[in-house]
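Contents: one structure, followed by commentary.
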Amino acid sequence: MNSHLKFYLLKGILFFILVASMIFDWWSYLLILFSIFLIMYSALLTHEIGHMIAGFFLKYKFQYLIIGPLIIINKEKITIHFNSNKSIWGQCAMSPTFKDYETSRKEYMFYLAAGSGSNAVIFLLAVIMYFITGHLLWIVLAISHLFMGGVAFIPVKAEGVFYTDGLSFLNILSCSLSLSKEN
């Protein structure tokens with residue numbers, strides 16, 4: 001199915017839901033569902049932006065950022081494209097500047113941990129806001145960010161050659177431990 005057909009199909013479904021909500025007064029339910037979708041998407045966005053901020057802090061060179069259906073690419077200028085790869089819906093690629101092995105290793109581990117770290121910060125803020133306001137959407141936000149940060153740090157090899165943040169972190173850590181045992 002080509003992307004234009006998918007776009008028109010999605011547009012038709014959204015139009016149907018919009019008309020049905022006006023007829024049957026589903027606005028409040030649609031607002032809640034839309035809020036939940038945005039909250040879950042914010043977990044992905046926060047995770048990848050966490051990597052990006054850490055990369056800029058470490059003076060890494062920005063390559064590309066995949067956030068759901070969008071790809072932001074840096075080639076001479078910043079361009080935005082649609083993501084046609086169904087298996088990657090979140091990735092921040094930045095080129096590190098190599099200093100010495102130990103410094104670069106620690107910096108890259110910080111870069112890898114920054115995604116889940118940013119999710120942890122939002123998780124804590126959402127829990128605090130839930131106890132202040134009592135609104136259940138704060139719990140949805142907390143669970144979404146806890147899930148996103150946790151899943152990204154589980155050490156597994158994803159489709160093809162892609163590693164999760166956790167497996168990359170573990171590989172770097174185990175490599176440094178084996179090097180220290182040899183010395």
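Ligands are numbered from 1 in the order shown, residues from 1 within each chain, and chains are lettered A, B, ... in the order they appear in the structure tokens.
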Query raised in the report: Using only C-alpha atoms, which residues sit within 7 Å of region 136-144 of chain A once same-chain residues fewer than 4 positions away are excluded, as a list in words?
Result: Ile39, Met40, Ala43, Phe123, Ala126, Val127, Met129, Tyr130 and Met148 of chain A
For those residues, write N, CA and C atoms to a file as a PDB file, in the first residue's frame.
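And here's out_14.pdb as it stands now:
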```
ATOM      1  N   ILE A  39       0.424  11.655  24.829  1.00  0.00           N
ATOM      2  CA  ILE A  39       1.265  11.332  25.981  1.00  0.00           C
ATOM      3  C   ILE A  39       2.244  10.220  25.620  1.00  0.00           C
ATOM      4  N   MET A  40       1.757   9.173  24.942  1.00  0.00           N
ATOM      5  CA  MET A  40       2.647   8.074  24.559  1.00  0.00           C
ATOM      6  C   MET A  40       3.685   8.543  23.541  1.00  0.00           C
ATOM      7  N   ALA A  43       6.590  10.356  25.127  1.00  0.00           N
ATOM      8  CA  ALA A  43       7.636   9.519  25.727  1.00  0.00           C
ATOM      9  C   ALA A  43       8.738   9.235  24.712  1.00  0.00           C
ATOM     10  N   PHE A 123       9.014  10.984  34.248  1.00  0.00           N
ATOM     11  CA  PHE A 123       8.287  10.045  35.103  1.00  0.00           C
ATOM     12  C   PHE A 123       8.140  10.615  36.514  1.00  0.00           C
ATOM     13  N   ALA A 126       5.798  13.586  36.579  1.00  0.00           N
ATOM     14  CA  ALA A 126       4.405  13.166  36.404  1.00  0.00           C
ATOM     15  C   ALA A 126       3.843  12.574  37.692  1.00  0.00           C
ATOM     16  N   VAL A 127       4.641  11.796  38.408  1.00  0.00           N
ATOM     17  CA  VAL A 127       4.189  11.229  39.684  1.00  0.00           C
ATOM     18  C   VAL A 127       3.928  12.351  40.689  1.00  0.00           C
ATOM     19  N   MET A 129       3.155  15.455  39.982  1.00  0.00           N
ATOM     20  CA  MET A 129       1.950  16.173  39.532  1.00  0.00           C
ATOM     21  C   MET A 129       0.681  15.370  39.825  1.00  0.00           C
ATOM     22  N   TYR A 130       0.756  14.050  39.749  1.00  0.00           N
ATOM     23  CA  TYR A 130      -0.417  13.236  40.086  1.00  0.00           C
ATOM     24  C   TYR A 130      -0.788  13.428  41.550  1.00  0.00           C
ATOM     25  N   MET A 148       8.816   3.516  28.254  1.00  0.00           N
ATOM     26  CA  MET A 148       9.739   3.877  27.169  1.00  0.00           C
ATOM     27  C   MET A 148      11.188   3.834  27.644  1.00  0.00           C
TER      28      MET A 148
END
```
**Report entry** Residues within 10 Å of Gly55 (chain A), only C-alpha atoms, excluding chain neighbours under 4 positions, as a ChimeraX atom specification
**Finding:** /A:49-51,59-62,92-96,107-108,110-112,114
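The residue that comes closest to Ala152 (chain A), out of A:Ser118, A:Thr133, A:Ser35, A:Thr103 and on the basis of only C-alpha atoms, is A:Ser118.
When only C-alpha atoms are used to measure the gap to Lys157 (chain A), the shortest distance among A:Ile32, A:Leu170, A:Leu10, A:Val19 belongs to A:Leu170.
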Report summary line: As a check of understanding: the span from CA of Lys11 (chain A) to CA of Ser42 (chain A) is 22.2 Å
Query raised in the report: If you run DSSP on the backbone, which residues of region 28-92 of chain A are strand (DSSP E), as JSON, numbers by chain?
Result: {"A": [61, 62, 63, 64, 65, 66, 67, 70, 71, 72, 73, 74, 75, 77, 78, 79, 80, 81, 82, 90, 91, 92]}
Written selection (N, CA and C atoms) as a CSV table (one decimal), in the first residue's frame:
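The resulting file, again-v4.csv, is shown below:
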```csv
chain,number,residue,atom,x,y,z
A,61,LYS,N,28.3,15.7,16.4
A,61,LYS,CA,27.7,16.3,15.2
A,61,LYS,C,26.4,15.6,14.9
A,62,PHE,N,25.3,16.4,14.8
A,62,PHE,CA,24.0,15.9,14.5
A,62,PHE,C,23.9,15.3,13.1
A,63,GLN,N,23.4,14.0,13.0
A,63,GLN,CA,23.3,13.4,11.7
A,63,GLN,C,21.8,13.3,11.3
A,64,TYR,N,21.0,12.6,12.1
A,64,TYR,CA,19.5,12.6,11.9
A,64,TYR,C,18.8,12.2,13.1
A,65,LEU,N,17.5,12.5,13.1
A,65,LEU,CA,16.6,12.2,14.2
A,65,LEU,C,15.3,11.6,13.6
A,66,ILE,N,15.0,10.4,14.1
A,66,ILE,CA,13.7,9.8,13.7
A,66,ILE,C,12.8,9.9,14.8
A,67,ILE,N,11.6,10.5,14.6
A,67,ILE,CA,10.6,10.6,15.6
A,67,ILE,C,9.3,10.2,15.0
A,70,LEU,N,8.4,11.0,11.2
A,70,LEU,CA,9.3,12.1,10.6
A,70,LEU,C,10.7,11.8,10.8
A,71,ILE,N,11.5,12.1,9.8
A,71,ILE,CA,13.0,12.1,9.9
A,71,ILE,C,13.5,13.5,9.6
A,72,ILE,N,14.4,13.9,10.5
A,72,ILE,CA,15.0,15.2,10.4
A,72,ILE,C,16.5,14.9,10.1
A,73,ILE,N,17.0,15.3,8.9
A,73,ILE,CA,18.3,14.9,8.4
A,73,ILE,C,19.1,16.2,8.3
A,74,ASN,N,20.4,16.1,8.7
A,74,ASN,CA,21.4,17.2,8.5
A,74,ASN,C,22.4,16.8,7.4
A,75,LYS,N,22.2,17.3,6.2
A,75,LYS,CA,23.1,17.3,5.1
A,75,LYS,C,23.2,18.7,4.6
A,77,LYS,N,22.2,21.2,5.0
A,77,LYS,CA,21.1,21.9,5.7
A,77,LYS,C,20.1,20.9,6.3
A,78,ILE,N,19.3,21.4,7.2
A,78,ILE,CA,18.3,20.5,7.8
A,78,ILE,C,17.1,20.3,6.9
A,79,THR,N,16.8,19.0,6.7
A,79,THR,CA,15.6,18.7,5.9
A,79,THR,C,14.7,17.7,6.7
A,80,ILE,N,13.4,17.8,6.4
A,80,ILE,CA,12.4,16.9,7.0
A,80,ILE,C,11.8,16.0,6.0
A,81,HIS,N,11.7,14.7,6.3
A,81,HIS,CA,11.2,13.7,5.4
A,81,HIS,C,10.2,12.8,6.2
A,82,PHE,N,9.4,12.0,5.4
A,82,PHE,CA,8.6,11.0,6.1
A,82,PHE,C,9.4,9.8,6.2
A,90,GLY,N,12.1,5.6,16.3
A,90,GLY,CA,12.8,6.5,17.2
A,90,GLY,C,14.2,6.2,17.2
A,91,GLN,N,15.0,7.2,16.8
A,91,GLN,CA,16.5,7.1,16.8
A,91,GLN,C,17.1,8.4,16.6
A,92,CYS,N,18.1,8.7,17.4
A,92,CYS,CA,18.9,9.9,17.2
A,92,CYS,C,20.4,9.5,16.9
```
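We find CA of Gly166 (chain A) and CA of Ile154 (chain A) to be spaced 5.1 Å apart.
Computed from the coordinates, the CA of Tyr41 (chain A) to CA of Phe147 (chain A) distance equals 12.0 Å.
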